[in-house]
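Engineer: Have a peek at model_23.txt (compact mmCIF, C-alpha atoms).
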```txt
# COMPACT_ATOMS: atom_id res chain seq x y z
CA MET N 1 31.69 -6.61 -25.79
CA LYS N 2 32.65 -5.38 -22.33
CA LYS N 3 30.02 -2.67 -22.61
CA THR N 4 27.36 -5.28 -23.46
CA ILE N 5 28.34 -7.48 -20.51
CA LEU N 6 28.19 -4.49 -18.14
CA THR N 7 24.78 -3.49 -19.47
CA LYS N 8 23.51 -7.02 -19.01
CA SER N 9 24.76 -7.10 -15.42
CA ILE N 10 23.10 -3.80 -14.62
CA LEU N 11 19.78 -4.92 -16.14
CA ALA N 12 19.91 -8.18 -14.18
CA ALA N 13 20.56 -6.30 -10.95
CA LEU N 14 17.73 -3.86 -11.60
CA CYS N 15 15.33 -6.66 -12.45
CA PHE N 16 16.22 -8.51 -9.24
CA ALA N 17 15.70 -5.42 -7.11
CA GLY N 18 12.74 -4.04 -9.03
CA PHE N 19 14.49 -0.66 -9.14
CA GLY N 20 12.41 2.18 -10.50
CA VAL N 21 9.58 -0.05 -11.71
CA THR N 22 6.33 1.81 -11.03
CA SER N 23 4.05 0.57 -13.80
CA VAL N 24 0.33 0.55 -13.06
CA HIS N 25 -1.96 -2.42 -13.53
CA ALA N 26 -5.66 -2.70 -12.66
CA ASP N 27 -7.08 -5.93 -11.24
CA THR N 28 -10.80 -6.63 -11.72
CA PHE N 29 -13.15 -8.14 -9.15
CA GLY N 30 -16.81 -9.11 -9.11
CA SER N 31 -19.01 -9.31 -12.17
CA GLY N 32 -21.82 -7.51 -13.93
CA PRO N 33 -23.11 -4.49 -11.99
CA ASN N 34 -20.91 -5.44 -9.04
CA ALA N 35 -17.62 -5.38 -10.95
CA PHE N 36 -14.89 -2.97 -9.85
CA THR N 37 -11.15 -2.52 -10.37
CA ILE N 38 -8.21 -1.72 -8.10
CA ASP N 39 -5.10 -0.07 -9.56
CA PHE N 40 -1.71 -1.24 -8.27
CA VAL N 41 1.82 0.10 -8.63
CA ASN N 42 4.94 -2.02 -8.29
CA ILE N 43 7.13 -1.44 -5.24
CA GLY N 44 10.65 -2.59 -6.09
CA ASN N 45 14.06 -1.99 -4.49
CA ALA N 46 13.73 -5.28 -2.61
CA GLY N 47 15.99 -5.51 0.42
CA ASN N 48 16.03 -1.80 1.23
CA ALA N 49 16.86 -0.77 4.80
CA ASN N 50 14.57 0.89 7.34
CA ASP N 51 14.44 4.67 7.40
CA ALA N 52 17.73 5.72 8.98
CA GLY N 53 17.05 9.45 8.97
CA VAL N 54 19.61 10.09 6.23
CA GLY N 55 17.25 11.45 3.58
CA GLY N 56 17.83 15.11 4.34
CA GLY N 57 14.58 15.71 6.20
CA LEU N 58 13.59 16.33 9.81
CA TYR N 59 11.41 13.29 10.47
CA SER N 60 11.91 9.55 10.37
CA SER N 61 10.99 6.34 12.14
CA SER N 62 12.59 2.92 11.91
CA TYR N 63 10.23 1.40 9.36
CA GLY N 64 10.15 0.75 5.64
CA GLY N 65 12.61 -2.08 5.13
CA VAL N 66 11.02 -4.81 2.97
CA PRO N 67 13.06 -7.76 1.64
CA TYR N 68 10.76 -8.56 -1.28
CA ALA N 69 9.01 -6.83 -4.16
CA TYR N 70 5.25 -6.31 -3.89
CA ARG N 71 2.42 -4.16 -5.24
CA MET N 72 0.57 -1.36 -3.48
CA GLY N 73 -2.88 -0.04 -4.29
CA THR N 74 -2.52 3.27 -6.10
CA PHE N 75 -5.52 4.73 -4.27
CA GLU N 76 -7.41 4.27 -1.02
CA ILE N 77 -10.30 1.83 -1.34
CA ALA N 78 -13.38 3.79 -2.37
CA GLN N 79 -16.89 3.35 -1.01
CA ASP N 80 -18.03 2.01 -4.39
CA ALA N 81 -15.79 -1.07 -4.09
CA ILE N 82 -17.13 -1.85 -0.62
CA THR N 83 -20.73 -1.45 -1.76
CA LYS N 84 -20.17 -3.86 -4.64
CA ALA N 85 -18.34 -6.40 -2.48
CA ALA N 86 -21.25 -6.30 0.00
CA ALA N 87 -23.72 -6.80 -2.86
CA SER N 88 -21.65 -9.82 -3.91
CA GLY N 89 -22.26 -11.45 -0.54
CA VAL N 90 -19.54 -10.24 1.85
CA LEU N 91 -21.18 -9.98 5.27
CA ASN N 92 -21.04 -7.12 7.71
CA LEU N 93 -18.88 -4.70 5.73
CA GLY N 94 -20.66 -1.64 7.09
CA GLY N 95 -22.46 1.16 5.32
CA GLY N 96 -19.77 3.81 5.12
CA THR N 97 -20.11 7.57 5.38
CA TRP N 98 -19.01 9.09 2.11
CA SER N 99 -20.03 8.95 -1.55
CA ALA N 100 -19.05 6.24 -4.02
CA THR N 101 -15.83 7.91 -5.18
CA GLN N 102 -14.69 8.99 -1.72
CA PRO N 103 -12.69 6.64 0.53
CA MET N 104 -14.42 3.95 2.49
CA ALA N 105 -14.40 4.87 6.17
CA VAL N 106 -16.37 3.72 9.22
CA ILE N 107 -14.82 0.32 8.64
CA SER N 108 -13.08 -1.70 11.34
CA TRP N 109 -9.80 -3.50 10.75
CA PHE N 110 -11.71 -6.81 10.80
CA ARG N 111 -14.08 -5.65 8.07
CA ALA N 112 -11.25 -4.30 5.97
CA ALA N 113 -9.67 -7.75 6.31
CA ALA N 114 -12.96 -9.33 5.19
CA PHE N 115 -12.91 -7.18 2.05
CA VAL N 116 -9.36 -8.35 1.34
CA ASN N 117 -10.45 -11.95 1.81
CA TYR N 118 -13.13 -11.37 -0.83
CA LEU N 119 -10.47 -10.15 -3.27
CA ASN N 120 -8.64 -13.43 -2.74
CA THR N 121 -11.48 -15.93 -2.66
CA SER N 122 -13.44 -14.36 -5.52
CA THR N 123 -10.40 -14.86 -7.75
CA GLY N 124 -9.77 -18.44 -6.67
CA ARG N 125 -7.09 -17.79 -4.07
CA PRO N 126 -6.93 -18.63 -0.34
CA ALA N 127 -8.16 -16.10 2.20
CA ALA N 128 -5.47 -13.90 3.74
CA TYR N 129 -7.11 -13.76 7.18
CA GLN N 130 -8.82 -16.39 9.32
CA LEU N 131 -12.03 -14.59 10.29
CA ASN N 132 -15.22 -15.85 11.92
CA GLY N 133 -18.57 -15.96 10.09
CA THR N 134 -19.51 -12.37 10.91
CA ASN N 135 -16.05 -10.93 10.17
CA THR N 136 -15.60 -9.65 13.70
CA VAL N 137 -12.96 -12.00 15.17
CA LEU N 138 -9.54 -13.04 13.86
CA THR N 139 -7.91 -16.39 14.58
CA LEU N 140 -4.13 -16.52 14.22
CA TRP N 141 -2.55 -18.83 11.64
CA THR N 142 -0.10 -21.46 12.85
CA SER N 143 3.58 -20.92 12.06
CA GLY N 144 3.30 -23.43 9.24
CA GLN N 145 0.37 -21.54 7.72
CA ALA N 146 1.63 -18.01 8.37
CA TRP N 147 3.48 -15.53 6.17
CA GLN N 148 7.22 -15.71 6.91
CA ALA N 149 8.85 -13.25 4.49
CA GLY N 150 10.36 -10.40 6.47
CA GLY N 151 9.56 -12.15 9.76
CA GLU N 152 6.75 -14.35 11.00
CA ASN N 153 3.31 -12.76 10.59
CA LEU N 154 0.57 -14.82 12.24
CA TYR N 155 -2.15 -12.56 10.86
CA ARG N 156 -1.46 -13.21 7.15
CA ASN N 157 -1.65 -16.57 5.36
CA LYS N 158 1.56 -17.59 3.60
CA ASP N 159 -0.32 -18.01 0.31
CA ALA N 160 -2.20 -14.70 0.41
CA TYR N 161 -2.20 -12.84 -2.89
CA TYR N 162 -4.00 -9.70 -1.67
CA PHE N 163 -3.55 -8.37 1.85
CA LEU N 164 -3.64 -5.29 4.02
CA PRO N 165 -0.17 -3.70 3.84
CA ASN N 166 1.86 -4.22 6.97
CA GLU N 167 3.46 -1.14 8.46
CA ASN N 168 6.79 -1.59 6.68
CA GLU N 169 5.09 -2.17 3.31
CA TRP N 170 2.89 0.88 3.84
CA TYR N 171 5.78 3.09 5.01
CA LYS N 172 8.04 2.13 2.12
CA ALA N 173 5.41 2.87 -0.52
CA ALA N 174 4.69 6.23 1.11
CA TYR N 175 8.11 7.60 2.03
CA HIS N 176 10.97 5.68 0.38
CA LYS N 177 12.80 7.68 -2.29
CA ASN N 178 12.74 4.86 -4.89
CA ASP N 179 16.40 5.57 -5.66
CA GLY N 180 17.86 2.09 -5.32
CA VAL N 181 18.23 -0.28 -2.37
CA THR N 182 18.85 2.44 0.21
CA ALA N 183 17.80 3.86 3.57
CA ASN N 184 16.81 7.19 1.99
CA TYR N 185 13.28 8.40 2.71
CA TRP N 186 11.20 11.54 2.30
CA ASP N 187 9.47 13.22 5.24
CA TYR N 188 6.15 13.27 3.38
CA ALA N 189 4.35 10.89 1.03
CA THR N 190 4.38 13.57 -1.66
CA GLY N 191 7.97 12.82 -2.69
CA SER N 192 9.37 15.74 -0.73
CA ASN N 193 10.81 16.96 2.56
CA ASN N 194 8.83 20.19 2.18
CA ILE N 195 5.58 20.64 4.08
CA PRO N 196 2.83 19.94 1.53
CA ASP N 197 0.38 22.61 0.49
CA GLY N 198 -2.96 21.67 2.02
CA ILE N 199 -6.51 22.74 1.28
CA ASP N 200 -6.78 26.38 2.29
CA PHE N 201 -10.47 26.94 1.65
CA SER N 202 -13.57 25.17 0.42
CA GLY N 203 -13.15 24.59 -3.30
CA ASP N 204 -9.35 24.91 -3.31
CA THR N 205 -8.11 22.92 -6.32
CA ALA N 206 -4.35 23.54 -6.04
CA PHE N 207 -2.97 21.39 -3.23
CA ASP N 208 -0.32 18.75 -2.56
CA ALA N 209 -2.31 16.71 -0.04
CA VAL N 210 -5.84 16.73 1.38
CA PHE N 211 -5.32 18.01 4.91
CA ASN N 212 -6.65 21.05 6.69
CA GLN N 213 -4.56 24.18 6.80
CA ASP N 214 -7.36 26.55 7.77
CA HIS N 215 -10.01 24.16 9.16
CA ASN N 216 -12.47 24.67 6.32
CA GLN N 217 -12.39 21.25 4.66
CA GLU N 218 -15.50 19.29 5.64
CA SER N 219 -14.93 15.86 4.06
CA PRO N 220 -12.35 13.77 2.19
CA ASN N 221 -11.92 14.16 -1.56
CA ALA N 222 -12.49 11.49 -4.18
CA VAL N 223 -9.67 8.95 -3.90
CA THR N 224 -8.32 10.02 -7.31
CA ASN N 225 -8.18 13.73 -6.39
CA VAL N 226 -5.69 13.79 -3.54
CA GLY N 227 -2.69 15.83 -4.70
CA LEU N 228 0.84 14.64 -5.36
CA ALA N 229 2.05 11.05 -5.70
CA SER N 230 4.70 9.30 -3.65
CA ALA N 231 7.98 8.35 -5.32
CA TYR N 232 6.45 4.99 -6.27
CA GLY N 233 3.24 6.51 -7.63
CA THR N 234 0.77 5.88 -4.80
CA MET N 235 -1.80 8.61 -4.20
CA GLY N 236 -3.22 9.89 -0.93
CA GLN N 237 -0.96 8.15 1.56
CA ASN N 238 -0.77 11.60 3.10
CA GLY N 239 -4.15 13.10 3.96
CA ASN N 240 -7.72 12.36 2.89
CA VAL N 241 -8.27 9.58 5.49
CA PHE N 242 -5.98 7.76 7.87
CA GLU N 243 -5.22 4.22 6.71
CA TRP N 244 -5.17 0.96 8.62
CA SER N 245 -2.04 -1.12 8.39
CA GLU N 246 -2.12 -4.85 8.88
CA SER N 247 0.37 -4.63 11.75
CA ALA N 248 -0.20 -4.71 15.47
CA PHE N 249 0.90 -1.47 17.09
CA ASP N 250 3.72 -3.32 18.87
CA GLY N 251 4.77 -4.88 15.55
CA ILE N 252 4.65 -8.51 16.69
CA ASN N 253 1.28 -9.69 15.28
CA ASP N 254 0.78 -12.37 17.90
CA SER N 255 -2.55 -11.29 19.41
CA SER N 256 -5.75 -11.08 17.39
CA SER N 257 -7.35 -8.31 19.45
CA GLU N 258 -4.45 -5.92 20.09
CA SER N 259 -4.37 -2.41 18.61
CA ARG N 260 -3.43 -2.02 14.96
CA ALA N 261 -1.18 0.74 13.64
CA TYR N 262 -2.51 3.37 11.29
CA ARG N 263 -0.85 6.32 9.56
CA GLY N 264 -1.10 9.11 7.03
CA GLY N 265 -3.27 11.93 8.37
CA ASN N 266 -6.69 12.98 7.13
CA TRP N 267 -8.63 15.86 5.62
CA SER N 268 -9.45 17.53 8.95
CA TYR N 269 -6.07 17.20 10.70
CA SER N 270 -2.95 19.33 10.46
CA GLU N 271 0.35 18.70 8.72
CA PHE N 272 1.72 17.02 11.86
CA ASP N 273 -0.02 13.71 11.11
CA LEU N 274 1.40 13.55 7.58
CA ARG N 275 4.98 13.20 8.83
CA SER N 276 6.83 9.91 8.44
CA SER N 277 7.57 9.93 12.17
CA VAL N 278 3.91 9.94 13.26
CA ARG N 279 1.91 6.76 13.86
CA HIS N 280 -1.18 5.84 15.86
CA GLY N 281 -2.89 2.72 17.19
CA PHE N 282 -6.56 1.75 17.42
CA SER N 283 -8.57 -1.31 18.43
CA PRO N 284 -9.28 -3.46 15.33
CA SER N 285 -12.98 -3.52 16.22
CA ILE N 286 -13.33 0.28 16.18
CA SER N 287 -14.32 2.32 13.13
CA SER N 288 -14.23 6.04 12.40
CA ASN N 289 -15.28 8.31 9.54
CA ASP N 290 -11.67 9.47 9.09
CA LEU N 291 -10.04 6.02 8.94
CA GLY N 292 -9.95 3.89 5.79
CA PHE N 293 -7.44 1.58 4.09
CA ARG N 294 -5.76 0.46 0.90
CA VAL N 295 -4.75 -2.98 -0.36
CA ALA N 296 -1.40 -4.53 -1.23
CA SER N 297 -0.54 -7.61 -3.28
CA VAL N 298 2.29 -9.92 -4.24
CA PRO N 299 3.92 -8.87 -7.53
CA GLU N 300 2.51 -10.11 -10.78
CA PRO N 301 4.54 -12.86 -12.44
CA SER N 302 3.96 -11.13 -15.77
CA SER N 303 4.90 -7.52 -16.47
CA THR N 304 8.18 -6.97 -14.61
CA VAL N 305 9.45 -10.53 -14.97
CA LEU N 306 8.62 -10.72 -18.68
CA MET N 307 10.14 -7.29 -19.32
CA CYS N 308 13.36 -8.30 -17.56
CA SER N 309 13.49 -11.71 -19.25
CA ALA N 310 13.01 -10.14 -22.67
CA GLY N 311 15.69 -7.54 -21.99
CA LEU N 312 18.20 -10.10 -20.76
CA LEU N 313 17.48 -12.39 -23.72
CA ALA N 314 17.97 -9.54 -26.20
CA LEU N 315 21.27 -8.59 -24.58
CA ALA N 316 22.41 -12.21 -24.61
CA ARG N 317 21.66 -12.43 -28.35
CA ARG N 318 23.60 -9.20 -28.97
CA ARG N 319 26.53 -10.61 -27.04
CA ARG N 320 26.50 -13.84 -29.11
CA ARG N 321 26.43 -11.83 -32.35
CA ALA N 322 29.30 -9.68 -31.12
CA THR N 323 31.48 -12.74 -30.52
CA LEU N 324 30.83 -14.41 -33.90
```
In structure tokens, write the structure found in this file.
Structural biologist:
Amino acid sequence: MKKTILTKSILAALCFAGFGVTSVHADTFGSGPNAFTIDFVNIGNAGNANDAGVGGGLYSSSYGGVPYAYRMGTFEIAQDAITKAAASGVLNLGGGTWSATQPMAVISWFRAAAFVNYLNTSTGRPAAYQLNGTNTVLTLWTSGQAWQAGGENLYRNKDAYYFLPNENEWYKAAYHKNDGVTANYWDYATGSNNIPDGIDFSGDTAFDAVFNQDHNQESPNAVTNVGLASAYGTMGQNGNVFEWSESAFDGINDSSSESRAYRGGNWSYSEFDLRSSVRHGFSPSISSNDLGFRVASVPEPSSTVLMCSAGLLALARRRRRATL
């Protein structure tokens, strides 16, 4: 009986923290020829600390602590999804540079936010961001309207279901070791402290991340062909294209026009930009062919919760039988 009680306590703790839960679920948007899906992985270990430089590597920065569970897009948003959202009526998304399966780039932060708003409103949810009619200006939410978990965020609506990942959410999904509620992080988003193997020559098919070791790579790869996964199962958070975060570069999110942080490196840059310690800032109105984004979401109320509830119920029944 003691063994059953202990097992039940452990399961309850793991369910609360979301420890080790990296199941994949695809959400569908649009309809008919404009339908597309986005795969998400669960990011658990709620309440983990910021990177404290104790993970055995050389690089760290004080980010990554997130007090709640959430989901992160498995892949960067591909051009195909943007094309279909534009065809569904989203204004001013931009044309992009690369093919349908490659990441969307040449997209400003504002337009990435407009795409995220479409994910929300097309599925009957409130918009995450308060944008003007041409998706070029952001108005801050009031404190009563704004996201408060993990600190006040005047960019994001409190009821947003889909959103651009803030810098802590992005950093955790990329570098956290997924080994419990800890401050342990990897140096690279490939689940390692070792420098990833990059693309050495045109046509190289054996690589850990899409970055340039010998300056021969001419474009990003398809978002599904980007090397090794992070500890949570996200792909391409190192290399391929840089990725916008939701966060202002100063981390306060109290000015609509200030620079936004971005991270991760790209296909044409060196290993330096893949490191967890490296971050950059850019005006939210600027776009570039090496800067894209991915999407995050609140956790589903189904898979993890139902799995935990079923497990706890089964253990409770075993315990009752054991005491009869």
Engineer: If you take all atoms listed in the file and a cut-off of 12 Å, which residues of segment 236-266 of chain N touch segment 59-76 of chain N, and what are their nearest atom pairs and distances in Å to one decimal, in chain and number order, as CSV?
Structural biologist:
```
residue,atom,partner,partner_atom,distance
N:Gly236,CA,N:Phe75,CA,6.6
N:Gln237,CA,N:Glu76,CA,8.0
N:Asn238,CA,N:Glu76,CA,10.7
N:Gly239,CA,N:Glu76,CA,10.6
N:Asn240,CA,N:Glu76,CA,9.0
N:Val241,CA,N:Glu76,CA,8.4
N:Phe242,CA,N:Glu76,CA,9.7
N:Glu243,CA,N:Glu76,CA,8.0
N:Trp244,CA,N:Glu76,CA,10.4
N:Ser247,CA,N:Tyr63,CA,11.8
N:Gly251,CA,N:Tyr63,CA,10.4
N:Gly264,CA,N:Glu76,CA,11.3
N:Asn266,CA,N:Glu76,CA,12.0
```
Engineer: Atom CA of Ser283 of chain N to atom CA of Ala261 of chain N: how many Å, to one decimal?
Structural biologist: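 Result for atom CA of Ser283 of chain N versus atom CA of Ala261 of chain N: 9.0 Å, one decimal.
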Engineer: So which one's closest to Lys84 of chain N, N:Ser245, N:Thr224, N:Asn153, N:Ser31? Using only C-alpha atoms, please.
Structural biologist: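 Closest residue, counting only C-alpha atoms: N:Ser31.
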Engineer: Against segment 124-145 of chain N, which residues of segment 252-310 of chain N fall within 8 Å? For each one I want the closest pair of atoms and the distance in Å (one decimal), counting only C-alpha atoms, rows by chain and increasing residue number, as CSV.
Structural biologist:
```
residue,atom,partner,partner_atom,distance
N:Asp254,CA,N:Leu140,CA,7.4
N:Ser255,CA,N:Leu140,CA,7.5
N:Ser256,CA,N:Leu138,CA,5.5
N:Ser257,CA,N:Leu138,CA,7.6
N:Ser285,CA,N:Thr136,CA,7.1
```
Engineer: Could you tell me which of N:Thr121, N:Trp98, N:Glu169, N:Gly32 comes closest to Gly47 of chain N if we count all atoms listed in the file?
Structural biologist: N:Glu169
Engineer: Can you find the residues with an atom no farther than 8 Å from (1.2, 2.1, 22.9), counting all atoms listed in the file, and report them as an MDAnalysis selection string?
Structural biologist: chainID N and resid 249:250 281
Engineer: Which one of N:Gly95, N:Gly198, N:Pro103, N:Gly233 sits closest to His176 of chain N if you count only C-alpha atoms?
Structural biologist: N:Gly233
Engineer: Go through N:Val278, N:Val181, N:Val298, N:Ala222 and flag the residue nearest Ala46 of chain N, using all atoms listed in the file for the distances.
Structural biologist: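 The closest residue to Ala46 of chain N is N:Val181.
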Engineer: List as a PyMOL selection string the protein and nucleic acid residues near Met235 of chain N, meaning an atom at most 12 Å away when all atoms listed in the file are counted, but skip any in the same chain fewer than 6 places from it.
Structural biologist: chain N and resi 39-41+72-77+173-175+188-191+208-210+221-229+241+264+294
Engineer: Counting only C-alpha atoms, figure out which residue out of N:Ala248, N:Asn178, N:Asp290, N:Pro196 gets nearest to Glu218 of chain N.
Structural biologist: N:Asp290
Engineer: Could you check which of N:Gly53, N:Gly44, N:Gly30, N:Gly150 is closest to Ala183 of chain N, using all atoms listed in the file?
Structural biologist: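 Closest to Ala183 of chain N of all the choices is N:Gly53.
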Engineer: Suppose you want the space between atom CA of Asp200 of chain N and atom CA of Arg275 of chain N; what is it in Å?
Structural biologist: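 Taking atom CA of Asp200 of chain N as the start and atom CA of Arg275 of chain N as the end point, the length is 18.8 Å.
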Engineer: So how far away is atom CA of His280 of chain N from atom CA of Tyr185 of chain N, in Å?
Structural biologist: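 Computed distance, atom CA of Tyr185 of chain N to atom CA of His280 of chain N, equals 19.7 Å.
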Engineer: If you count all atoms listed in the file, which residues fall within 9 Å of Glu152 of chain N, apart from same-chain ones fewer than 6 positions away, as a list of chain:residue names?
Structural biologist: N:Ser143, N:Ala146, N:Ile252, N:Asn253
Engineer: Take the residues from that selection and put them in a file with C-alpha atoms, as an mmCIF file, in the coordinates of the input.
Structural biologist:
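What follows is the written file result_4.cif:
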```cif
data_model
loop_
_atom_site.group_PDB
_atom_site.id
_atom_site.type_symbol
_atom_site.label_atom_id
_atom_site.label_comp_id
_atom_site.auth_asym_id
_atom_site.auth_seq_id
_atom_site.Cartn_x
_atom_site.Cartn_y
_atom_site.Cartn_z
ATOM 1 C CA SER N 143 3.580 -20.920 12.060
ATOM 2 C CA ALA N 146 1.630 -18.010 8.370
ATOM 3 C CA ILE N 252 4.650 -8.510 16.690
ATOM 4 C CA ASN N 253 1.280 -9.690 15.280
#
```
